[in-house]
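See structure below.
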Amino acid sequence: MILTAAALWLVAAVLVTARQAMALAGLARLALVVTGVPLVGWITYALGPLPGLGGLLIGAAVLLRCRLPRLTARGGRE
């Protein structure tokens, strides 16, 4: 059950980050964060701290994937 919920969240996160041009993309990312935090807590409670940390890192990587090109496109901010 927990792995199914995590897989569905991951699919939703990939779809939202792939659709950056949507007007509601920011709201959708906020909804993913709001649903992802309890999901990471559930993973940590059910499976232990290492899988919970892995879930946190995977979720952060997916959500930050859409922000990295914008940060690097600005040029050198030394």
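Ordering of the structure tokens sets the chain letters (A, B, ...); residue numbers start at 1 within each chain; ligands are numbered from 1 in the order shown.
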Tell me, as a ChimeraX atom specification, which residues lie within 9 Å of segment 2-5 of chain A, counting only C-alpha atoms; anything in the same chain fewer than 3 positions away does not count. /A:8-10,39,42-43,46
Prev. selection, N, CA and C atoms, output as a CSV table (one decimal), in the first residue's frame:
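Once everything was written out, this is selection_15.csv:
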chain,number,residue,atom,x,y,z
A,8,LEU,N,2.5,6.5,-7.0
A,8,LEU,CA,1.5,7.5,-7.5
A,8,LEU,C,2.0,8.9,-7.3
A,9,TRP,N,2.5,9.2,-6.1
A,9,TRP,CA,3.0,10.5,-5.9
A,9,TRP,C,4.2,10.9,-6.8
A,10,LEU,N,5.1,9.9,-7.1
A,10,LEU,CA,6.2,10.1,-8.0
A,10,LEU,C,5.7,10.4,-9.4
A,39,LEU,N,3.6,11.6,3.4
A,39,LEU,CA,4.0,10.4,2.8
A,39,LEU,C,5.4,10.0,3.2
A,42,TRP,N,5.2,8.7,6.7
A,42,TRP,CA,4.6,7.3,6.6
A,42,TRP,C,5.6,6.3,6.2
A,43,ILE,N,6.4,6.6,5.2
A,43,ILE,CA,7.5,5.7,4.8
A,43,ILE,C,8.5,5.5,5.9
A,46,ALA,N,6.9,3.3,8.6
A,46,ALA,CA,6.6,1.9,8.3
A,46,ALA,C,7.8,1.1,7.9
For the structure I just gave you, how does DSSP split segment 12-54 of chain A - specifically, which residues are helix (DSSP H, G or I)? Reply as a PyMOL selection string. chain A and resi 12-18+25-47+49-54
May I have the selected residues written with C-alpha atoms, as a tab-separated table (two decimals), in the first residue's frame?
chain	number	residue	atom	x	y	z
A	12	ALA	CA	2.18	12.94	-10.30
A	13	ALA	CA	5.38	14.84	-9.48
A	14	VAL	CA	7.01	13.92	-12.78
A	15	LEU	CA	3.90	14.97	-14.70
A	16	VAL	CA	3.69	18.31	-12.88
A	17	THR	CA	7.37	19.13	-13.37
A	18	ALA	CA	7.12	18.15	-17.05
A	25	ALA	CA	2.15	24.55	-11.87
A	26	GLY	CA	3.19	26.43	-8.72
A	27	LEU	CA	-0.02	25.44	-6.97
A	28	ALA	CA	0.42	21.85	-8.12
A	29	ARG	CA	3.98	21.77	-6.73
A	30	LEU	CA	2.67	23.14	-3.44
A	31	ALA	CA	0.07	20.37	-3.36
A	32	LEU	CA	2.81	17.82	-4.01
A	33	VAL	CA	4.82	19.16	-1.08
A	34	VAL	CA	1.76	19.15	1.19
A	35	THR	CA	0.99	15.54	0.30
A	36	GLY	CA	4.62	14.43	0.12
A	37	VAL	CA	5.60	15.40	3.67
A	38	PRO	CA	3.10	13.04	5.34
A	39	LEU	CA	4.01	10.38	2.78
A	40	VAL	CA	7.69	10.61	3.74
A	41	GLY	CA	6.66	10.39	7.39
A	42	TRP	CA	4.58	7.32	6.64
A	43	ILE	CA	7.47	5.69	4.75
A	44	THR	CA	9.82	6.46	7.64
A	45	TYR	CA	7.38	5.08	10.22
A	46	ALA	CA	6.58	1.91	8.26
A	47	LEU	CA	9.94	1.04	6.71
A	49	PRO	CA	14.82	5.83	8.63
A	50	LEU	CA	16.93	4.86	5.61
A	51	PRO	CA	13.98	4.31	3.24
A	52	GLY	CA	12.45	7.50	4.64
A	53	LEU	CA	15.61	9.44	3.85
A	54	GLY	CA	15.66	7.88	0.39
